[in-house]
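Chemist: Supplied in structure tokens, the structure appears directly below.
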Amino acid sequence: MRAAVIGGIGSWLPPGLVSNDDLADRMDTSDAWIRTRTGIRTRYFVPPGMPTSRLAAEAGARALESAGTADADAVVLATTTPDRPCPASAPEVARRLGLTGVPAFDVSAVCTGFLYALTAAAGMIASGAAEQVLVIGAEAFSTIVDPHDRSSAVVFGDGAGAVVLRAGDPGEPGALGRIVLGSDGSLADLITVRAGGSERPHPEADPGRSDPADRYFSMRGREVFQHAVTRMSQSAREALAHTGWRPGDVDRLVGHQANLRILHAVAEQLDIPVERLVVHLDRVGNTAAASIPLALAHAHATGDLVPGARVVLAAFGGGATWGATALTWPSLKAA
Ligand code: ACO
């Protein structure tokens, strides 16, 4: 059986570094509140007009370079913030990378998006439809957050991370284990942008049917917190069961970088020491679909993630959606 193997990794952050103090100048919050409630110290925001496809292409180019190739048979983009509602942004990413002509599509599963995108790409490889797929998580989340909603505005950031998946052997380092995924549509209102879809028009298009705030992202943070801990722990446990590893065998737990307290709670539920958590949210905030590949790229570049390390990935996001997988970290060129 063919496995999907990570053969390259890359990431990119936009130029606008925003500190907690910068946010405290704009709204009623403080560095101390943000740090103690979330663990976040800085994040990056795109400058006006910089689309998600640009972030995705920058990260994608670096992942291809790390894999030692300029080619991919397909581009899969996980994002909550496509350049436009229609068409998908992945074809534009492929064009920016000189890959016009290959299949390219978006995957929408908010913070679980990267794991869903890996699943789609791994399926293409397993079926023989592709030998090598570029999988990107990219977000310009600052473009959908209400700048006056202090509970969301302090949490999210922009950025992109990417991996190249290639056909390989299930036993080799970098081979993705079973990807465990799930969803619960009854929780759709927990994490949502209400307007601008087929259900509810954009407020400017029909002021009678939509509230102006409905164009922005909204999150019921406290409830999300509980579901995130439960679902990330459950799916990580299932992914571990498929590999036969025990929690003590895990060298690095790479959870969706939503909140440091969530990551600690998940580690505790799984009986994995908190020292084994990969933490990147302190620098970049919650970057939704970009969060796991950004954390992986950073940990790889800094040597926190070494070849042979047994790694578990787990995420929870809008939908609600969740998922996890496990792999042995391969030897890769940093880019
Ligand atoms: N600065 C100061 N005070 C604030 C801020 C802020 N930025 N934001 C909220 N507060 C206040 C609230 O108004 C509230 O005050 P009150 O008690 O007087 O009403 C108090 O702080 C506590 O608010 P909570 O919302 O209960 O704060 P909490 O500790 O839950 O932290 C947060 C909020 C950070 C959003 C947290 O709930 C969280 O991280 N939730 C999970 C997010 C997550 O997992 N997301 C992943 C999926 S997201 C996706 O898929 C896109």
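Identifiers in this document derive from the order of the structure tokens: chains are assigned A, B, ..., residues are numbered from 1 separately in each chain, and ligands are numbered from 1 in order of occurrence.
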Name the residues, by chain letter and number, that sit within 7 Å of ligand 1 using only C-alpha atoms and all ligand atoms, and give them as a ChimeraX atom specification.

Modeler: /A:28-30,33-34,37-38,110-111,150-152,154-155,191,221-222,224-225,228,258-259,262,288,316-318

Chemist: Mind writing the picked residues with N, CA, C and O atoms as a JSON list (two decimals), in the first residue's frame?

Modeler:
[["chain", "number", "residue", "atom", "x", "y", "z"],
["A", 28, "ASP", "N", -10.03, 47.87, 24.78],
["A", 28, "ASP", "CA", -9.98, 47.72, 26.23],
["A", 28, "ASP", "C", -9.45, 46.32, 26.59],
["A", 28, "ASP", "O", -10.21, 45.39, 26.84],
["A", 29, "THR", "N", -8.12, 46.18, 26.55],
["A", 29, "THR", "CA", -7.49, 44.92, 26.94],
["A", 29, "THR", "C", -6.10, 45.23, 27.47],
["A", 29, "THR", "O", -5.72, 46.40, 27.58],
["A", 30, "SER", "N", -5.34, 44.19, 27.83],
["A", 30, "SER", "CA", -4.00, 44.44, 28.37],
["A", 30, "SER", "C", -3.09, 43.27, 28.01],
["A", 30, "SER", "O", -3.57, 42.14, 27.79],
["A", 33, "TRP", "N", -3.71, 40.42, 30.50],
["A", 33, "TRP", "CA", -4.91, 39.59, 30.26],
["A", 33, "TRP", "C", -4.64, 38.62, 29.12],
["A", 33, "TRP", "O", -4.90, 37.42, 29.24],
["A", 34, "ILE", "N", -4.11, 39.13, 28.03],
["A", 34, "ILE", "CA", -3.93, 38.27, 26.85],
["A", 34, "ILE", "C", -2.93, 37.15, 27.16],
["A", 34, "ILE", "O", -3.16, 35.98, 26.83],
["A", 37, "ARG", "N", -4.54, 34.62, 29.81],
["A", 37, "ARG", "CA", -5.71, 33.86, 29.33],
["A", 37, "ARG", "C", -5.43, 33.03, 28.09],
["A", 37, "ARG", "O", -6.16, 32.09, 27.80],
["A", 38, "THR", "N", -4.41, 33.43, 27.31],
["A", 38, "THR", "CA", -4.20, 32.72, 26.03],
["A", 38, "THR", "C", -2.77, 32.22, 25.84],
["A", 38, "THR", "O", -2.55, 31.29, 25.06],
["A", 110, "VAL", "N", -12.05, 25.26, 8.91],
["A", 110, "VAL", "CA", -11.55, 26.22, 9.89],
["A", 110, "VAL", "C", -10.26, 25.68, 10.52],
["A", 110, "VAL", "O", -9.33, 25.34, 9.79],
["A", 111, "CYS", "N", -10.18, 25.59, 11.84],
["A", 111, "CYS", "CA", -8.89, 25.25, 12.47],
["A", 111, "CYS", "C", -8.48, 23.79, 12.27],
["A", 111, "CYS", "O", -7.33, 23.43, 12.52],
["A", 150, "ARG", "N", -13.07, 42.40, 21.46],
["A", 150, "ARG", "CA", -11.78, 42.15, 22.11],
["A", 150, "ARG", "C", -11.53, 40.66, 22.37],
["A", 150, "ARG", "O", -10.39, 40.23, 22.46],
["A", 151, "SER", "N", -12.61, 39.86, 22.50],
["A", 151, "SER", "CA", -12.36, 38.45, 22.80],
["A", 151, "SER", "C", -11.82, 37.69, 21.58],
["A", 151, "SER", "O", -11.11, 36.69, 21.73],
["A", 152, "SER", "N", -12.13, 38.14, 20.36],
["A", 152, "SER", "CA", -11.58, 37.49, 19.16],
["A", 152, "SER", "C", -10.36, 38.22, 18.62],
["A", 152, "SER", "O", -9.40, 37.59, 18.17],
["A", 154, "VAL", "N", -7.92, 39.68, 19.90],
["A", 154, "VAL", "CA", -6.61, 39.47, 20.52],
["A", 154, "VAL", "C", -6.07, 38.05, 20.24],
["A", 154, "VAL", "O", -4.90, 37.77, 20.50],
["A", 155, "VAL", "N", -6.94, 37.17, 19.77],
["A", 155, "VAL", "CA", -6.58, 35.75, 19.69],
["A", 155, "VAL", "C", -5.96, 35.39, 18.33],
["A", 155, "VAL", "O", -5.03, 34.58, 18.27],
["A", 191, "ILE", "N", -18.68, 28.84, 16.25],
["A", 191, "ILE", "CA", -17.57, 29.49, 15.54],
["A", 191, "ILE", "C", -18.12, 29.81, 14.16],
["A", 191, "ILE", "O", -18.35, 28.90, 13.36],
["A", 221, "GLY", "N", -16.30, 31.65, 22.97],
["A", 221, "GLY", "CA", -15.00, 31.15, 23.40],
["A", 221, "GLY", "C", -15.04, 30.11, 24.50],
["A", 221, "GLY", "O", -14.34, 29.09, 24.42],
["A", 222, "ARG", "N", -15.86, 30.37, 25.53],
["A", 222, "ARG", "CA", -15.83, 29.46, 26.68],
["A", 222, "ARG", "C", -16.31, 28.06, 26.30],
["A", 222, "ARG", "O", -15.73, 27.06, 26.70],
["A", 224, "VAL", "N", -16.34, 26.81, 23.21],
["A", 224, "VAL", "CA", -15.36, 26.24, 22.28],
["A", 224, "VAL", "C", -14.22, 25.59, 23.06],
["A", 224, "VAL", "O", -13.75, 24.51, 22.72],
["A", 225, "PHE", "N", -13.80, 26.27, 24.11],
["A", 225, "PHE", "CA", -12.70, 25.79, 24.96],
["A", 225, "PHE", "C", -12.97, 24.34, 25.40],
["A", 225, "PHE", "O", -12.13, 23.46, 25.23],
["A", 228, "ALA", "N", -13.03, 21.88, 22.47],
["A", 228, "ALA", "CA", -11.68, 21.73, 21.89],
["A", 228, "ALA", "C", -10.87, 20.73, 22.71],
["A", 228, "ALA", "O", -10.23, 19.83, 22.16],
["A", 258, "ALA", "N", -4.57, 27.20, 19.63],
["A", 258, "ALA", "CA", -5.68, 28.09, 19.93],
["A", 258, "ALA", "C", -5.42, 28.89, 21.20],
["A", 258, "ALA", "O", -5.69, 30.08, 21.26],
["A", 259, "ASN", "N", -4.92, 28.22, 22.20],
["A", 259, "ASN", "CA", -4.82, 28.80, 23.53],
["A", 259, "ASN", "C", -3.91, 27.88, 24.34],
["A", 259, "ASN", "O", -4.09, 26.66, 24.34],
["A", 262, "ILE", "N", -5.62, 25.47, 26.60],
["A", 262, "ILE", "CA", -6.21, 24.31, 25.91],
["A", 262, "ILE", "C", -5.13, 23.26, 25.67],
["A", 262, "ILE", "O", -5.32, 22.07, 25.93],
["A", 288, "ALA", "N", -5.57, 29.54, 12.85],
["A", 288, "ALA", "CA", -6.60, 28.65, 12.30],
["A", 288, "ALA", "C", -5.98, 27.54, 11.44],
["A", 288, "ALA", "O", -5.15, 26.78, 11.93],
["A", 316, "PHE", "N", -9.04, 21.14, 16.62],
["A", 316, "PHE", "CA", -10.49, 21.34, 16.75],
["A", 316, "PHE", "C", -10.81, 22.69, 16.12],
["A", 316, "PHE", "O", -10.04, 23.64, 16.30],
["A", 317, "GLY", "N", -11.91, 22.75, 15.40],
["A", 317, "GLY", "CA", -12.24, 24.04, 14.78],
["A", 317, "GLY", "C", -13.70, 24.17, 14.43],
["A", 317, "GLY", "O", -14.54, 23.33, 14.79],
["A", 318, "GLY", "N", -14.01, 25.24, 13.71],
["A", 318, "GLY", "CA", -15.39, 25.55, 13.33],
["A", 318, "GLY", "C", -16.01, 24.41, 12.54],
["A", 318, "GLY", "O", -15.33, 23.65, 11.86]]

Chemist: Just want the 10 Å neighbourhood of Arg215 (chain A), counted on only C-alpha atoms, with same-chain residues fewer than 3 positions away dropped. Output as a PyMOL selection string.

Modeler: chain A and resi 144-146+192-197+200-204+210-212+218

Chemist: Can I get the selected residues back with all heavy atoms, as a short mmCIF file (atom, residue, chain, number, x, y, z; two decimals), in the first residue's frame?

Modeler:
data_model
loop_
_atom_site.label_atom_id
_atom_site.label_comp_id
_atom_site.auth_asym_id
_atom_site.auth_seq_id
_atom_site.Cartn_x
_atom_site.Cartn_y
_atom_site.Cartn_z
N ILE A 144 -11.31 39.01 8.78
CA ILE A 144 -12.70 38.67 9.12
C ILE A 144 -13.03 38.90 10.59
O ILE A 144 -14.18 38.76 11.01
CB ILE A 144 -13.08 37.22 8.71
CG1 ILE A 144 -12.21 36.18 9.44
CG2 ILE A 144 -13.00 37.05 7.20
CD1 ILE A 144 -12.75 34.75 9.29
N VAL A 145 -12.01 39.23 11.39
CA VAL A 145 -12.25 39.47 12.81
C VAL A 145 -12.76 40.90 13.03
O VAL A 145 -12.26 41.84 12.41
CB VAL A 145 -10.94 39.23 13.60
CG1 VAL A 145 -11.01 39.83 14.99
CG2 VAL A 145 -10.65 37.73 13.68
N ASP A 146 -13.76 41.04 13.88
CA ASP A 146 -14.28 42.37 14.23
C ASP A 146 -13.22 43.09 15.07
O ASP A 146 -12.90 42.64 16.18
CB ASP A 146 -15.57 42.19 15.04
CG ASP A 146 -16.21 43.51 15.45
OD1 ASP A 146 -15.53 44.56 15.31
OD2 ASP A 146 -17.36 43.47 15.91
N THR A 192 -18.38 31.08 13.87
CA THR A 192 -19.10 31.35 12.62
C THR A 192 -18.88 32.77 12.08
O THR A 192 -18.61 33.69 12.85
CB THR A 192 -20.62 31.10 12.84
OG1 THR A 192 -21.30 31.23 11.59
CG2 THR A 192 -21.24 32.07 13.82
N VAL A 193 -19.03 32.90 10.76
CA VAL A 193 -19.29 34.19 10.12
C VAL A 193 -20.71 34.05 9.58
O VAL A 193 -20.94 33.26 8.66
CB VAL A 193 -18.30 34.48 8.97
CG1 VAL A 193 -18.65 35.80 8.30
CG2 VAL A 193 -16.86 34.50 9.48
N ARG A 194 -21.68 34.76 10.17
CA ARG A 194 -23.09 34.46 9.89
C ARG A 194 -23.54 34.86 8.49
O ARG A 194 -24.33 34.17 7.85
CB ARG A 194 -23.99 35.16 10.91
CG ARG A 194 -23.97 34.49 12.23
CD ARG A 194 -25.08 34.89 13.16
NE ARG A 194 -24.87 34.14 14.39
CZ ARG A 194 -23.99 34.48 15.32
NH1 ARG A 194 -23.27 35.57 15.18
NH2 ARG A 194 -23.82 33.74 16.39
N ALA A 195 -23.05 36.01 8.03
CA ALA A 195 -23.60 36.55 6.78
C ALA A 195 -22.63 36.38 5.62
O ALA A 195 -21.44 36.14 5.81
CB ALA A 195 -23.92 38.02 6.97
N GLY A 196 -23.18 36.52 4.41
CA GLY A 196 -22.34 36.49 3.21
C GLY A 196 -22.40 35.15 2.50
O GLY A 196 -21.74 34.96 1.47
N GLY A 197 -23.22 34.21 3.02
CA GLY A 197 -23.40 32.92 2.36
C GLY A 197 -24.82 32.81 1.82
O GLY A 197 -25.55 33.81 1.76
N ARG A 200 -27.76 33.66 4.69
CA ARG A 200 -28.01 35.02 5.15
C ARG A 200 -27.16 35.97 4.31
O ARG A 200 -25.93 35.80 4.22
CB ARG A 200 -27.60 35.14 6.62
CG ARG A 200 -28.19 36.34 7.31
CD ARG A 200 -27.81 36.38 8.77
NE ARG A 200 -28.37 35.26 9.54
CZ ARG A 200 -28.44 35.24 10.86
NH1 ARG A 200 -28.00 36.27 11.56
NH2 ARG A 200 -28.94 34.22 11.50
N PRO A 201 -27.81 36.97 3.67
CA PRO A 201 -27.04 37.84 2.76
C PRO A 201 -26.05 38.72 3.51
O PRO A 201 -26.13 38.89 4.73
CB PRO A 201 -28.13 38.70 2.11
CG PRO A 201 -29.28 38.65 3.05
CD PRO A 201 -29.21 37.35 3.77
N HIS A 202 -25.12 39.24 2.75
CA HIS A 202 -24.18 40.21 3.31
C HIS A 202 -24.99 41.42 3.78
O HIS A 202 -25.92 41.85 3.10
CB HIS A 202 -23.17 40.61 2.23
CG HIS A 202 -21.98 41.30 2.79
ND1 HIS A 202 -21.99 42.63 3.12
CD2 HIS A 202 -20.75 40.83 3.09
CE1 HIS A 202 -20.80 42.94 3.61
NE2 HIS A 202 -20.03 41.87 3.60
N PRO A 203 -24.68 41.99 4.96
CA PRO A 203 -25.50 43.08 5.51
C PRO A 203 -25.71 44.24 4.54
O PRO A 203 -26.80 44.81 4.48
CB PRO A 203 -24.71 43.55 6.74
CG PRO A 203 -23.79 42.45 7.08
CD PRO A 203 -23.56 41.64 5.84
N GLU A 204 -24.67 44.56 3.75
CA GLU A 204 -24.84 45.69 2.82
C GLU A 204 -25.80 45.34 1.69
O GLU A 204 -26.46 46.21 1.14
CB GLU A 204 -23.49 46.13 2.25
CG GLU A 204 -22.77 47.09 3.19
CD GLU A 204 -21.28 46.82 3.27
OE1 GLU A 204 -20.67 46.57 2.22
OE2 GLU A 204 -20.73 46.85 4.39
N SER A 210 -29.79 41.17 7.73
CA SER A 210 -28.51 40.88 8.39
C SER A 210 -28.08 42.04 9.26
O SER A 210 -28.24 43.20 8.88
CB SER A 210 -27.41 40.65 7.35
OG SER A 210 -27.38 39.34 6.92
N ASP A 211 -27.54 41.73 10.40
CA ASP A 211 -26.97 42.73 11.29
C ASP A 211 -25.57 43.07 10.77
O ASP A 211 -24.87 42.17 10.29
CB ASP A 211 -26.88 42.09 12.69
CG ASP A 211 -26.57 43.12 13.74
OD1 ASP A 211 -25.36 43.40 13.91
OD2 ASP A 211 -27.51 43.61 14.36
N PRO A 212 -25.13 44.35 10.85
CA PRO A 212 -23.79 44.67 10.36
C PRO A 212 -22.70 43.79 10.98
O PRO A 212 -21.73 43.42 10.31
CB PRO A 212 -23.60 46.14 10.76
CG PRO A 212 -24.99 46.68 10.87
CD PRO A 212 -25.87 45.55 11.28
N SER A 218 -17.39 35.32 14.62
CA SER A 218 -17.71 35.35 16.05
C SER A 218 -17.52 33.96 16.65
O SER A 218 -17.65 32.94 15.96
CB SER A 218 -19.15 35.85 16.29
OG SER A 218 -20.06 34.83 16.02
#

Chemist: List as a list in words the protein and nucleic acid residues near Met1 (chain A), meaning an atom at most 8 Å away when only C-alpha atoms are counted, but skip any in the same chain fewer than 6 places from it.

Modeler: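 Here the qualifying residues turn out to be Ala126, Asp169 and Pro170 of chain A.
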
Chemist: Quick one: residues within 7 Å of region 50-57 of chain A, only C-alpha atoms, excluding same-chain residues fewer than 4 positions away - as a list in words?

Modeler: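 Those residues are Trp12, Val46, Ala61, Thr81, Pro82, Asp83, Ser89, Glu92, Val93, Arg96, Leu97, Ile136, Ala138, Glu139, Ala140, Gly159 and Ala160 of chain A.
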
Chemist: Convert the current residue selection to file output with all heavy atoms, as a short mmCIF file (atom, residue, chain, number, x, y, z; two decimals), in the first residue's frame.

Modeler:
data_model
loop_
_atom_site.label_atom_id
_atom_site.label_comp_id
_atom_site.auth_asym_id
_atom_site.auth_seq_id
_atom_site.Cartn_x
_atom_site.Cartn_y
_atom_site.Cartn_z
N TRP A 12 5.46 30.94 6.03
CA TRP A 12 5.68 32.37 5.78
C TRP A 12 4.73 33.19 6.65
O TRP A 12 3.57 32.80 6.84
CB TRP A 12 5.42 32.71 4.30
CG TRP A 12 6.00 34.03 3.90
CD1 TRP A 12 7.32 34.33 3.77
CD2 TRP A 12 5.28 35.23 3.59
NE1 TRP A 12 7.47 35.64 3.37
CE2 TRP A 12 6.24 36.22 3.26
CE3 TRP A 12 3.93 35.57 3.55
CZ2 TRP A 12 5.90 37.52 2.90
CZ3 TRP A 12 3.58 36.87 3.19
CH2 TRP A 12 4.55 37.82 2.87
N VAL A 46 -1.84 40.81 8.04
CA VAL A 46 -1.53 41.20 6.66
C VAL A 46 -1.75 42.70 6.47
O VAL A 46 -2.67 43.26 7.08
CB VAL A 46 -2.40 40.45 5.62
CG1 VAL A 46 -2.00 39.00 5.50
CG2 VAL A 46 -3.90 40.58 5.93
N ALA A 61 6.04 27.80 -1.81
CA ALA A 61 7.33 27.84 -2.51
C ALA A 61 8.44 27.31 -1.60
O ALA A 61 9.32 26.57 -2.03
CB ALA A 61 7.63 29.28 -2.94
N THR A 81 -10.28 31.91 5.03
CA THR A 81 -10.30 33.28 4.51
C THR A 81 -9.80 33.29 3.05
O THR A 81 -8.75 33.85 2.75
CB THR A 81 -9.39 34.18 5.37
OG1 THR A 81 -8.07 33.58 5.43
CG2 THR A 81 -9.92 34.34 6.77
N PRO A 82 -10.57 32.63 2.15
CA PRO A 82 -10.15 32.63 0.74
C PRO A 82 -10.11 34.07 0.21
O PRO A 82 -10.71 34.97 0.78
CB PRO A 82 -11.24 31.82 0.05
CG PRO A 82 -12.43 31.88 0.96
CD PRO A 82 -11.88 31.99 2.36
N ASP A 83 -9.40 34.26 -0.90
CA ASP A 83 -9.30 35.60 -1.49
C ASP A 83 -10.70 36.17 -1.76
O ASP A 83 -10.94 37.36 -1.58
CB ASP A 83 -8.54 35.55 -2.82
CG ASP A 83 -7.07 35.17 -2.63
OD1 ASP A 83 -6.66 34.91 -1.49
OD2 ASP A 83 -6.34 35.16 -3.64
N SER A 89 -9.37 29.66 -3.89
CA SER A 89 -8.08 30.36 -4.01
C SER A 89 -6.94 29.45 -4.46
O SER A 89 -5.90 29.94 -4.92
CB SER A 89 -7.70 30.98 -2.65
OG SER A 89 -8.73 31.86 -2.23
N GLU A 92 -5.36 30.00 -7.91
CA GLU A 92 -4.51 31.20 -7.94
C GLU A 92 -3.16 30.91 -7.26
O GLU A 92 -2.11 31.38 -7.71
CB GLU A 92 -5.24 32.36 -7.25
CG GLU A 92 -4.41 33.59 -6.95
CD GLU A 92 -3.79 34.25 -8.18
OE1 GLU A 92 -4.13 33.89 -9.32
OE2 GLU A 92 -2.92 35.14 -7.99
N VAL A 93 -3.18 30.12 -6.19
CA VAL A 93 -1.92 29.73 -5.52
C VAL A 93 -1.07 28.92 -6.51
O VAL A 93 0.13 29.17 -6.66
CB VAL A 93 -2.20 28.91 -4.24
CG1 VAL A 93 -0.89 28.45 -3.61
CG2 VAL A 93 -3.02 29.73 -3.25
N ARG A 96 0.47 31.22 -9.02
CA ARG A 96 1.58 31.98 -8.45
C ARG A 96 2.85 31.12 -8.36
O ARG A 96 3.96 31.65 -8.34
CB ARG A 96 1.21 32.50 -7.04
CG ARG A 96 0.25 33.68 -7.04
CD ARG A 96 -0.15 34.03 -5.60
NE ARG A 96 -1.14 35.10 -5.55
CZ ARG A 96 -0.86 36.38 -5.31
NH1 ARG A 96 0.38 36.76 -5.10
NH2 ARG A 96 -1.82 37.28 -5.27
N LEU A 97 2.67 29.81 -8.22
CA LEU A 97 3.81 28.91 -8.07
C LEU A 97 4.28 28.32 -9.40
O LEU A 97 5.14 27.44 -9.43
CB LEU A 97 3.44 27.76 -7.12
CG LEU A 97 3.25 28.18 -5.66
CD1 LEU A 97 2.59 27.07 -4.85
CD2 LEU A 97 4.59 28.57 -5.03
N ILE A 136 -1.33 23.13 1.81
CA ILE A 136 -1.04 24.42 2.45
C ILE A 136 -2.18 24.77 3.42
O ILE A 136 -3.35 24.56 3.11
CB ILE A 136 -0.93 25.55 1.39
CG1 ILE A 136 0.04 25.15 0.27
CG2 ILE A 136 -0.49 26.87 2.04
CD1 ILE A 136 0.05 26.11 -0.91
N ALA A 138 -3.40 28.32 5.09
CA ALA A 138 -3.09 29.76 5.02
C ALA A 138 -4.30 30.57 5.46
O ALA A 138 -5.44 30.23 5.12
CB ALA A 138 -2.69 30.15 3.60
N GLU A 139 -4.04 31.62 6.21
CA GLU A 139 -5.14 32.46 6.71
C GLU A 139 -4.74 33.93 6.76
O GLU A 139 -3.63 34.26 7.20
CB GLU A 139 -5.52 32.07 8.15
CG GLU A 139 -5.98 30.64 8.37
CD GLU A 139 -7.41 30.36 7.92
OE1 GLU A 139 -8.03 31.21 7.23
OE2 GLU A 139 -7.90 29.27 8.26
N ALA A 140 -5.67 34.77 6.33
CA ALA A 140 -5.60 36.20 6.62
C ALA A 140 -6.77 36.48 7.57
O ALA A 140 -7.73 37.17 7.23
CB ALA A 140 -5.70 37.02 5.34
N GLY A 159 -0.98 34.03 8.64
CA GLY A 159 0.25 33.32 8.27
C GLY A 159 -0.07 32.11 7.43
O GLY A 159 -1.25 31.82 7.14
N ALA A 160 0.98 31.39 7.03
CA ALA A 160 0.78 30.20 6.20
C ALA A 160 1.89 29.18 6.45
O ALA A 160 3.05 29.55 6.68
CB ALA A 160 0.76 30.58 4.72
#

Chemist: Running DSSP on the backbone, which parts of region 8-54 of chain A land in alpha helix (DSSP H), as a ChimeraX atom specification?

Modeler: /A:20-26,31-38,52-54

Chemist: How about saving the chosen residues, C-alpha atoms kept, as a PDB file, in the first residue's frame?

Modeler:
ATOM      1  CA  ASN A  20      -0.334  42.789  22.908  1.00  0.00           C
ATOM      2  CA  ASP A  21       0.518  46.360  23.845  1.00  0.00           C
ATOM      3  CA  ASP A  22      -0.329  47.480  20.290  1.00  0.00           C
ATOM      4  CA  LEU A  23      -3.784  45.924  20.734  1.00  0.00           C
ATOM      5  CA  ALA A  24      -4.179  47.486  24.186  1.00  0.00           C
ATOM      6  CA  ASP A  25      -3.705  50.884  22.488  1.00  0.00           C
ATOM      7  CA  ARG A  26      -6.692  50.137  20.230  1.00  0.00           C
ATOM      8  CA  ASP A  31      -0.824  42.482  27.754  1.00  0.00           C
ATOM      9  CA  ALA A  32      -1.324  40.740  31.108  1.00  0.00           C
ATOM     10  CA  TRP A  33      -4.913  39.592  30.264  1.00  0.00           C
ATOM     11  CA  ILE A  34      -3.928  38.272  26.852  1.00  0.00           C
ATOM     12  CA  ARG A  35      -0.805  36.484  28.098  1.00  0.00           C
ATOM     13  CA  THR A  36      -2.444  34.835  31.100  1.00  0.00           C
ATOM     14  CA  ARG A  37      -5.712  33.864  29.333  1.00  0.00           C
ATOM     15  CA  THR A  38      -4.198  32.718  26.034  1.00  0.00           C
ATOM     16  CA  THR A  52      -4.425  34.674   1.449  1.00  0.00           C
ATOM     17  CA  SER A  53      -3.178  33.304  -1.902  1.00  0.00           C
ATOM     18  CA  ARG A  54       0.003  35.382  -1.495  1.00  0.00           C
TER      19      ARG A  54
END

Chemist: Which neighbours of Val102 (chain A) fall inside 9 Å, counting only C-alpha atoms, when residues of the same chain fewer than 2 positions from it are skipped, and could you give them as a list in words?

Modeler: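 That gives Ala72, Asp73, Ala74, Val75, Pro91, Ala94, Leu99, Thr100 and Ala104 of chain A.
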
Chemist: Any chance you could export the current selection's C-alpha atoms as a short mmCIF file (atom, residue, chain, number, x, y, z; two decimals), in the first residue's frame?

Modeler:
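Generated file (out_32.cif):
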data_model
loop_
_atom_site.label_atom_id
_atom_site.label_comp_id
_atom_site.auth_asym_id
_atom_site.auth_seq_id
_atom_site.Cartn_x
_atom_site.Cartn_y
_atom_site.Cartn_z
CA ALA A 72 3.45 19.09 -7.58
CA ASP A 73 0.62 17.08 -9.15
CA ALA A 74 -2.00 18.97 -7.12
CA VAL A 75 -2.41 21.89 -4.72
CA PRO A 91 -5.94 27.70 -8.48
CA ALA A 94 -0.97 27.15 -8.17
CA LEU A 99 1.82 25.18 -11.48
CA THR A 100 -1.06 26.31 -13.71
CA ALA A 104 -6.19 22.78 -7.19
#

Chemist: Residues of region 211-320 of chain A in strand (DSSP E or B) according to DSSP, as an MDAnalysis selection string?

Modeler: chainID A and resid 217:219 252:255 277 286 310:317

Chemist: Identify, on the basis of only C-alpha atoms, every residue whose closest approach to Leu313 (chain A) does not exceed 8 Å; exclude the query and any residue fewer than 5 positions from it along the same chain; express the result as a ChimeraX atom specification.

Modeler: /A:236,253-256,292,324-326

Chemist: Keeping only N, CA and C atoms, write the selected residues as a JSON list (two decimals), in the first residue's frame.

Modeler:
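Written out: result-v7.json:
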[["chain", "number", "residue", "atom", "x", "y", "z"],
["A", 236, "ALA", "N", -6.85, 12.41, 19.37],
["A", 236, "ALA", "CA", -5.43, 12.04, 19.52],
["A", 236, "ALA", "C", -5.32, 10.62, 20.08],
["A", 253, "LEU", "N", 3.74, 16.70, 20.96],
["A", 253, "LEU", "CA", 2.31, 16.86, 20.70],
["A", 253, "LEU", "C", 2.11, 18.22, 20.06],
["A", 254, "VAL", "N", 1.65, 18.21, 18.82],
["A", 254, "VAL", "CA", 1.44, 19.47, 18.09],
["A", 254, "VAL", "C", -0.07, 19.68, 17.97],
["A", 255, "GLY", "N", -0.62, 20.38, 18.96],
["A", 255, "GLY", "CA", -2.06, 20.67, 18.94],
["A", 255, "GLY", "C", -2.32, 21.95, 18.18],
["A", 256, "HIS", "N", -3.55, 22.11, 17.68],
["A", 256, "HIS", "CA", -3.95, 23.39, 17.09],
["A", 256, "HIS", "C", -3.67, 24.50, 18.09],
["A", 292, "ILE", "N", -1.18, 24.41, 12.53],
["A", 292, "ILE", "CA", -0.36, 23.19, 12.67],
["A", 292, "ILE", "C", 0.86, 23.22, 11.74],
["A", 324, "ALA", "N", -7.06, 14.17, 14.19],
["A", 324, "ALA", "CA", -5.70, 13.90, 14.71],
["A", 324, "ALA", "C", -5.02, 12.87, 13.83],
["A", 325, "THR", "N", -3.71, 12.87, 13.89],
["A", 325, "THR", "CA", -2.93, 11.81, 13.25],
["A", 325, "THR", "C", -1.58, 11.71, 13.95],
["A", 326, "ALA", "N", -0.81, 10.71, 13.58],
["A", 326, "ALA", "CA", 0.51, 10.52, 14.20],
["A", 326, "ALA", "C", 1.51, 10.14, 13.12]]

Chemist: Using only C-alpha atoms, find the one residue out of A:Trp322, A:Trp245, A:Phe141, A:Phe114 that sits nearest to Phe217 (chain A).

Modeler: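 For Phe217 (chain A), the nearest of the given residues is A:Phe141.
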